[in-house]
Amino acid sequence: MAATLQINVKPLNHQLLFNSKPCSRHCCRWATIRCAAATTPSTRRYTITLLPGDGIGPEVISVAKNALQLAGSLEGIDFGFKEMPMGGAALDLTGVPLPEETLSTAQQSDAVLLGAIGGYKWDNNEKHLKPETGLLQLRKGLKVFANLRPATVLPMLVEASTLKKEVAEGVDVMVVRELTGGIYFGQPRGFSTNDIGEEIGFNTEVYSAPEIDRIARIAFETARKRHGKLCSVDKANVLEASMLWRKRVTALASEYPDIELSHMYVDNAAMQLVRNPKQFDTIVTNNIFGDILSDEASMITGSIGMLPSASLGESGPGLFEPIHGSAPDIAGQDKANPLATVLSAAMLLKYGLGEEKAAQRIEDAVLDALNKGFRTGDIHTAGYNLVGCKEMGEEVLKSIEHKIPAAV
Ligand code: IPM
Ligand code: MG
């Protein structure tokens with residue numbers, strides 16, 4: 001069922017959520033990413049692995065699953081869902097955070113949708129028994145090296161941002177984070193003692209030239225489909241791995257003469273993101289800087305509860321997950337914002353399966369529910385209708401059903 005397809009080979013519409021320029025002649029030069037092809041208009045069937053995980057994960061996944069099912073059915077798509085344990089839930093059930101069966105099911109499916117992992121209960125576990133270790137094993141196992149994290153300030157949510165309206169309004173940043181390398185995975189790592197007997201912990205930030213090149217290419221192509229600006233973020237004034245990063249990104253720029261490339265040190269980038277976020281279009285950065293900057297970028301939009309992500313490799317299924325965590329403090333209370341996961345489902349349709357119409361239905365429905373004034377606690381401001389996770393989900397479903405989708 002899965003077939004090699006160029007990601008976004010079709011011209012994209014202007015899109016509010018994952019803003020992209022209308023098609024230019026460059027659209028058809030996207031890096032090849034394997035995804036399930038949309039073949040005939042009526043009989044597409046995909047297998048989706050659902051990994052609800054921990055905390056609010058099961059609540060938000062249940063909403064996103066319903067949205068996928070409904071938007072899919074309206075577009076002639078039939079989904080087979082396989083729900084598998086992962087993270088703390090898997091630890092409790094099987095003793096490991098990523099059971100082999102979960103990984104192999106994910107690898108054999110067309111796309112993977114993850115809720116969230118982690119919680120107080122497992123915080124003090126040994127490293128190999130932490131839920132987070134399972135997530136890293138999953139990313140590595142699926143070889144999803146390119147993590148796209150859009151942060152877009154929606155006009156109706158501008159008041160939810162902690163930044164001044166004039167700073168936040170119109171922000172639309174895409175963080176392209178390298179996901180399977182750098183200090184998260186570098187060797188040597190571990191605990192030891194130094195030469196005077198003190199306890200030490202150490203990690204290694206390491207990138208090979210091919211690892212940098214492949215993420216840089218994805219970033220240049222992403223910038224090309226957006227507003228043509230790419231800012232590469234590093235710490236090349238201090239770190240050798242960043243010096244190589246900058247050298248390779250600079251060398252590749254000659255292949256993308258239409259892209260305006262700039263470089264920024266990460267400390268400055270963190271500052272510029274809150275000073276004047278509108279200066280950024282696409283940001284490319286390593287694993288750890290991307291982890292930090294994407295959380296920062298998310299707050300500009302008002303809530304981390306709104307932001308989806310897509311993780312893609314050269315072949316095989318993509319992994320789609322909200323960028324927020326498992327929020328154990330509100331788990332099981334019907335207070336979570338399911339929209340980041342619903343929007344991750346839209347990214348799954350668009351980037352993972354090439355099903356742009358169904359993706360558009362979901363994106364439109366999210367905007368519609370927000371336009372009608374429904375807000376979960378994290379994005380609620382005076383005068384709006386405060387709802388829980390389930391009710392927000394129901395509103396999204398109603399909107400999917402009723403709204404005539406934008407033509408794609
Ligand atoms: C994220 C998370 C993860 C990361 C954790 C849970 C391992 O913070 O997806 O941003 O650091 O990548
Ligand atoms: Mg993070």
# chains A, B, ... in the order shown; residues from 1 in each chain; ligands from 1

$ select_by_dssp --residues "stretch 63-291 of chain A" --states "strand (DSSP E or B)" --output "PyMOL selection string"
chain A and resi 77-83+111-116+146-152+172-178+190-193+199-202+229-234+260-265+282-285

$ write_last_selection --atoms "N, CA and C atoms" --output "short mmCIF file (atom, residue, chain, number, x, y, z; two decimals), in the first residue's frame"
data_model
loop_
_atom_site.label_atom_id
_atom_site.label_comp_id
_atom_site.auth_asym_id
_atom_site.auth_seq_id
_atom_site.Cartn_x
_atom_site.Cartn_y
_atom_site.Cartn_z
N ILE A 77 -11.74 7.40 2.49
CA ILE A 77 -10.57 6.73 3.08
C ILE A 77 -11.04 5.82 4.21
N ASP A 78 -10.48 4.64 4.22
CA ASP A 78 -10.84 3.68 5.24
C ASP A 78 -9.61 3.43 6.12
N PHE A 79 -9.74 3.67 7.40
CA PHE A 79 -8.58 3.49 8.29
C PHE A 79 -8.71 2.20 9.10
N GLY A 80 -7.62 1.49 9.21
CA GLY A 80 -7.54 0.40 10.17
C GLY A 80 -6.64 0.89 11.30
N PHE A 81 -7.15 0.97 12.52
CA PHE A 81 -6.35 1.48 13.64
C PHE A 81 -5.80 0.33 14.47
N LYS A 82 -4.55 0.44 14.83
CA LYS A 82 -3.97 -0.54 15.76
C LYS A 82 -3.44 0.22 16.95
N GLU A 83 -4.04 -0.02 18.11
CA GLU A 83 -3.60 0.70 19.30
C GLU A 83 -2.57 -0.13 20.06
N ALA A 111 1.27 5.06 8.95
CA ALA A 111 1.62 6.26 9.73
C ALA A 111 1.37 5.96 11.20
N VAL A 112 2.03 6.73 12.05
CA VAL A 112 1.93 6.51 13.50
C VAL A 112 1.48 7.80 14.16
N LEU A 113 0.47 7.69 15.00
CA LEU A 113 -0.01 8.87 15.73
C LEU A 113 0.20 8.63 17.23
N LEU A 114 0.96 9.52 17.84
CA LEU A 114 1.32 9.36 19.25
C LEU A 114 0.67 10.45 20.09
N GLY A 115 0.19 10.09 21.28
CA GLY A 115 -0.38 11.08 22.20
C GLY A 115 0.73 11.77 22.97
N ALA A 116 1.08 11.23 24.11
CA ALA A 116 2.16 11.81 24.92
C ALA A 116 2.66 10.73 25.84
N ALA A 146 13.64 14.01 10.39
CA ALA A 146 13.22 15.40 10.14
C ALA A 146 11.93 15.70 10.89
N ASN A 147 12.02 16.59 11.84
CA ASN A 147 10.87 16.91 12.68
C ASN A 147 10.38 18.32 12.34
N LEU A 148 9.18 18.39 11.79
CA LEU A 148 8.60 19.69 11.40
C LEU A 148 7.67 20.16 12.50
N ARG A 149 7.97 21.32 13.05
CA ARG A 149 7.15 21.85 14.15
C ARG A 149 6.67 23.26 13.82
N PRO A 150 5.49 23.38 13.27
CA PRO A 150 4.98 24.70 12.92
C PRO A 150 4.46 25.44 14.16
N ALA A 151 4.71 26.73 14.22
CA ALA A 151 4.15 27.57 15.29
C ALA A 151 3.50 28.76 14.61
N THR A 152 2.19 28.73 14.57
CA THR A 152 1.45 29.76 13.86
C THR A 152 0.48 30.44 14.82
N ASP A 172 4.36 33.16 12.04
CA ASP A 172 4.21 31.88 11.35
C ASP A 172 5.60 31.31 11.12
N VAL A 173 6.02 30.48 12.04
CA VAL A 173 7.38 29.93 12.01
C VAL A 173 7.31 28.42 11.84
N MET A 174 8.21 27.87 11.08
CA MET A 174 8.34 26.41 11.00
C MET A 174 9.72 26.04 11.52
N VAL A 175 9.74 25.30 12.61
CA VAL A 175 11.02 24.81 13.12
C VAL A 175 11.27 23.42 12.53
N VAL A 176 12.39 23.28 11.82
CA VAL A 176 12.79 21.98 11.29
C VAL A 176 13.90 21.47 12.21
N ARG A 177 13.55 20.51 13.01
CA ARG A 177 14.46 20.00 14.05
C ARG A 177 15.04 18.65 13.62
N GLU A 178 16.36 18.53 13.71
CA GLU A 178 16.99 17.23 13.45
C GLU A 178 16.60 16.32 14.62
N GLY A 190 27.35 8.78 29.34
CA GLY A 190 27.24 7.94 30.53
C GLY A 190 27.60 8.65 31.82
N PHE A 191 27.83 7.85 32.84
CA PHE A 191 28.23 8.35 34.15
C PHE A 191 29.60 7.75 34.45
N SER A 192 30.41 8.52 35.15
CA SER A 192 31.73 8.01 35.47
C SER A 192 32.29 8.83 36.64
N THR A 193 33.57 8.73 36.85
CA THR A 193 34.22 9.62 37.82
C THR A 193 35.40 10.27 37.12
N GLU A 199 32.08 12.41 40.83
CA GLU A 199 31.08 11.79 39.96
C GLU A 199 30.80 12.72 38.77
N ILE A 200 30.74 12.17 37.56
CA ILE A 200 30.42 13.00 36.39
C ILE A 200 29.36 12.32 35.52
N GLY A 201 28.62 13.15 34.79
CA GLY A 201 27.71 12.67 33.75
C GLY A 201 28.15 13.33 32.46
N PHE A 202 28.15 12.62 31.35
CA PHE A 202 28.63 13.25 30.12
C PHE A 202 27.86 12.76 28.89
N LYS A 229 12.66 31.94 3.26
CA LYS A 229 13.70 32.37 4.19
C LYS A 229 14.07 31.23 5.13
N LEU A 230 15.35 30.97 5.25
CA LEU A 230 15.80 29.91 6.15
C LEU A 230 16.84 30.45 7.11
N CYS A 231 16.62 30.24 8.40
CA CYS A 231 17.60 30.65 9.40
C CYS A 231 18.16 29.37 10.06
N SER A 232 19.45 29.16 9.93
CA SER A 232 20.08 28.00 10.54
C SER A 232 20.61 28.41 11.91
N VAL A 233 20.19 27.69 12.92
CA VAL A 233 20.55 28.06 14.30
C VAL A 233 21.58 27.08 14.84
N ASP A 234 22.68 27.62 15.38
CA ASP A 234 23.75 26.76 15.88
C ASP A 234 24.48 27.46 17.03
N GLU A 260 16.76 32.65 0.92
CA GLU A 260 17.59 33.61 1.67
C GLU A 260 18.04 32.93 2.97
N LEU A 261 19.31 32.57 3.01
CA LEU A 261 19.82 31.84 4.17
C LEU A 261 20.51 32.78 5.15
N SER A 262 20.21 32.61 6.44
CA SER A 262 20.96 33.34 7.46
C SER A 262 21.37 32.35 8.55
N HIS A 263 22.31 32.75 9.37
CA HIS A 263 22.76 31.91 10.49
C HIS A 263 22.60 32.70 11.78
N MET A 264 22.28 32.00 12.85
CA MET A 264 22.12 32.70 14.12
C MET A 264 22.60 31.78 15.25
N TYR A 265 23.28 32.36 16.23
CA TYR A 265 23.63 31.56 17.39
C TYR A 265 22.37 31.31 18.21
N THR A 282 11.42 29.93 8.25
CA THR A 282 11.78 28.54 8.55
C THR A 282 13.10 28.56 9.33
N ILE A 283 13.14 27.76 10.38
CA ILE A 283 14.35 27.63 11.20
C ILE A 283 14.82 26.18 11.08
N VAL A 284 16.11 25.98 10.86
CA VAL A 284 16.64 24.61 10.91
C VAL A 284 17.67 24.54 12.01
N THR A 285 17.59 23.48 12.79
CA THR A 285 18.52 23.38 13.91
C THR A 285 18.69 21.94 14.38
#

$ closest_atom_pairs --of "chain A" --to "ligand 1" --cutoff "6 Å" --atoms "only C-alpha atoms and all ligand atoms" --output "JSON lines"
{"residue": "A:Glu132", "atom": "CA", "partner": "ligand 1", "partner_atom_place_in_ligand_line": "7 (C)", "distance": 4.5}
{"residue": "A:Asp291", "atom": "CA", "partner": "ligand 1", "partner_atom_place_in_ligand_line": "10 (O)", "distance": 4.8}
{"residue": "A:Ile323", "atom": "CA", "partner": "ligand 1", "partner_atom_place_in_ligand_line": "9 (O)", "distance": 5.6}

$ write_last_selection --atoms "N, CA and C atoms" --output "PDB file, in the first residue's frame"
ATOM      1  N   GLU A 132      10.535   8.341  28.258  1.00  0.00           N
ATOM      2  CA  GLU A 132      11.205   9.164  27.238  1.00  0.00           C
ATOM      3  C   GLU A 132      12.170   8.333  26.409  1.00  0.00           C
ATOM      4  N   ASP A 291      14.545  21.166  20.244  1.00  0.00           N
ATOM      5  CA  ASP A 291      13.661  20.817  21.358  1.00  0.00           C
ATOM      6  C   ASP A 291      13.307  22.084  22.138  1.00  0.00           C
ATOM      7  N   ILE A 323       3.330  18.539  20.242  1.00  0.00           N
ATOM      8  CA  ILE A 323       4.642  18.769  20.866  1.00  0.00           C
ATOM      9  C   ILE A 323       4.533  18.886  22.389  1.00  0.00           C
TER      10      ILE A 323
END

$ residues_near_ligand --ligand "ligand 2" --cutoff "10 Å" --atoms "only C-alpha atoms and all ligand atoms" --output "ChimeraX atom specification"
/A:287-296,323-325

$ write_last_selection --atoms "N, CA, C and O atoms" --output "PDB file, in the first residue's frame"
ATOM      1  N   ASN A 287      19.090  18.695  17.202  1.00  0.00           N
ATOM      2  CA  ASN A 287      18.078  18.036  18.020  1.00  0.00           C
ATOM      3  C   ASN A 287      17.781  18.814  19.306  1.00  0.00           C
ATOM      4  O   ASN A 287      16.620  19.160  19.593  1.00  0.00           O
ATOM      5  N   ILE A 288      18.816  19.157  20.059  1.00  0.00           N
ATOM      6  CA  ILE A 288      18.551  19.766  21.367  1.00  0.00           C
ATOM      7  C   ILE A 288      18.112  21.228  21.246  1.00  0.00           C
ATOM      8  O   ILE A 288      17.200  21.678  21.946  1.00  0.00           O
ATOM      9  N   PHE A 289      18.721  21.980  20.319  1.00  0.00           N
ATOM     10  CA  PHE A 289      18.277  23.372  20.165  1.00  0.00           C
ATOM     11  C   PHE A 289      16.835  23.392  19.643  1.00  0.00           C
ATOM     12  O   PHE A 289      16.031  24.252  20.010  1.00  0.00           O
ATOM     13  N   GLY A 290      16.514  22.427  18.782  1.00  0.00           N
ATOM     14  CA  GLY A 290      15.154  22.351  18.232  1.00  0.00           C
ATOM     15  C   GLY A 290      14.138  22.004  19.306  1.00  0.00           C
ATOM     16  O   GLY A 290      13.003  22.489  19.293  1.00  0.00           O
ATOM     17  N   ASP A 291      14.545  21.166  20.244  1.00  0.00           N
ATOM     18  CA  ASP A 291      13.661  20.817  21.358  1.00  0.00           C
ATOM     19  C   ASP A 291      13.307  22.084  22.138  1.00  0.00           C
ATOM     20  O   ASP A 291      12.133  22.363  22.422  1.00  0.00           O
ATOM     21  N   ILE A 292      14.319  22.866  22.436  1.00  0.00           N
ATOM     22  CA  ILE A 292      14.122  24.050  23.275  1.00  0.00           C
ATOM     23  C   ILE A 292      13.402  25.160  22.502  1.00  0.00           C
ATOM     24  O   ILE A 292      12.410  25.731  22.972  1.00  0.00           O
ATOM     25  N   LEU A 293      13.877  25.449  21.301  1.00  0.00           N
ATOM     26  CA  LEU A 293      13.292  26.571  20.552  1.00  0.00           C
ATOM     27  C   LEU A 293      11.848  26.295  20.130  1.00  0.00           C
ATOM     28  O   LEU A 293      11.042  27.219  20.031  1.00  0.00           O
ATOM     29  N   SER A 294      11.518  25.021  19.892  1.00  0.00           N
ATOM     30  CA  SER A 294      10.134  24.755  19.485  1.00  0.00           C
ATOM     31  C   SER A 294       9.177  24.941  20.657  1.00  0.00           C
ATOM     32  O   SER A 294       8.036  25.375  20.473  1.00  0.00           O
ATOM     33  N   ASP A 295       9.618  24.648  21.872  1.00  0.00           N
ATOM     34  CA  ASP A 295       8.772  24.958  23.031  1.00  0.00           C
ATOM     35  C   ASP A 295       8.607  26.474  23.156  1.00  0.00           C
ATOM     36  O   ASP A 295       7.512  26.979  23.438  1.00  0.00           O
ATOM     37  N   GLU A 296       9.694  27.185  22.949  1.00  0.00           N
ATOM     38  CA  GLU A 296       9.619  28.644  23.067  1.00  0.00           C
ATOM     39  C   GLU A 296       8.684  29.214  21.993  1.00  0.00           C
ATOM     40  O   GLU A 296       7.800  30.022  22.282  1.00  0.00           O
ATOM     41  N   ILE A 323       3.330  18.539  20.242  1.00  0.00           N
ATOM     42  CA  ILE A 323       4.642  18.769  20.866  1.00  0.00           C
ATOM     43  C   ILE A 323       4.533  18.886  22.389  1.00  0.00           C
ATOM     44  O   ILE A 323       5.526  18.917  23.081  1.00  0.00           O
ATOM     45  N   HIS A 324       3.308  18.930  22.899  1.00  0.00           N
ATOM     46  CA  HIS A 324       3.170  19.014  24.360  1.00  0.00           C
ATOM     47  C   HIS A 324       3.442  17.660  25.003  1.00  0.00           C
ATOM     48  O   HIS A 324       3.475  16.628  24.334  1.00  0.00           O
ATOM     49  N   GLY A 325       3.601  17.690  26.303  1.00  0.00           N
ATOM     50  CA  GLY A 325       3.852  16.465  27.058  1.00  0.00           C
ATOM     51  C   GLY A 325       2.573  15.839  27.572  1.00  0.00           C
ATOM     52  O   GLY A 325       1.472  16.154  27.092  1.00  0.00           O
TER      53      GLY A 325
END

$ residues_around --residues "stretch 239-255 of chain A" --least-positions-apart "6" --cutoff "8 Å" --atoms "only C-alpha atoms" --output "MDAnalysis selection string"
chainID A and resid 205:207 209 212:213 216:217 232 261 263

$ select_by_dssp --residues "stretch 112-267 of chain A" --states "alpha helix (DSSP H)" --output "ChimeraX atom specification"
/A:131-142,165-168,209-225,240-252,266-267

$ residues_around --residues "A:Glu101" --least-positions-apart "5" --cutoff "10 Å" --atoms "only C-alpha atoms" --output "list in words"
Met84, Pro85, Ala106 and Gln107 of chain A

$ write_last_selection --atoms "N, CA, C and O atoms" --output "tab-separated table (two decimals), in the first residue's frame"
chain	number	residue	atom	x	y	z
A	84	MET	N	-1.43	0.47	20.36
A	84	MET	CA	-0.35	-0.28	20.99
A	84	MET	C	0.16	0.47	22.23
A	84	MET	O	0.13	1.70	22.27
A	85	PRO	N	0.68	-0.28	23.21
A	85	PRO	CA	1.20	0.39	24.41
A	85	PRO	C	2.57	1.00	24.19
A	85	PRO	O	3.38	0.48	23.43
A	106	ALA	N	4.30	-0.40	14.44
A	106	ALA	CA	4.47	0.96	13.92
A	106	ALA	C	5.21	0.94	12.58
A	106	ALA	O	4.81	1.60	11.62
A	107	GLN	N	6.28	0.14	12.52
A	107	GLN	CA	7.08	0.09	11.29
A	107	GLN	C	6.27	-0.45	10.11
A	107	GLN	O	6.50	-0.07	8.97

$ residues_around --residues "stretch 356-358 of chain A" --least-positions-apart "3" --cutoff "6 Å" --atoms "only C-alpha atoms" --output "VMD selection string"
chain A and resid 71 to 72 350 361
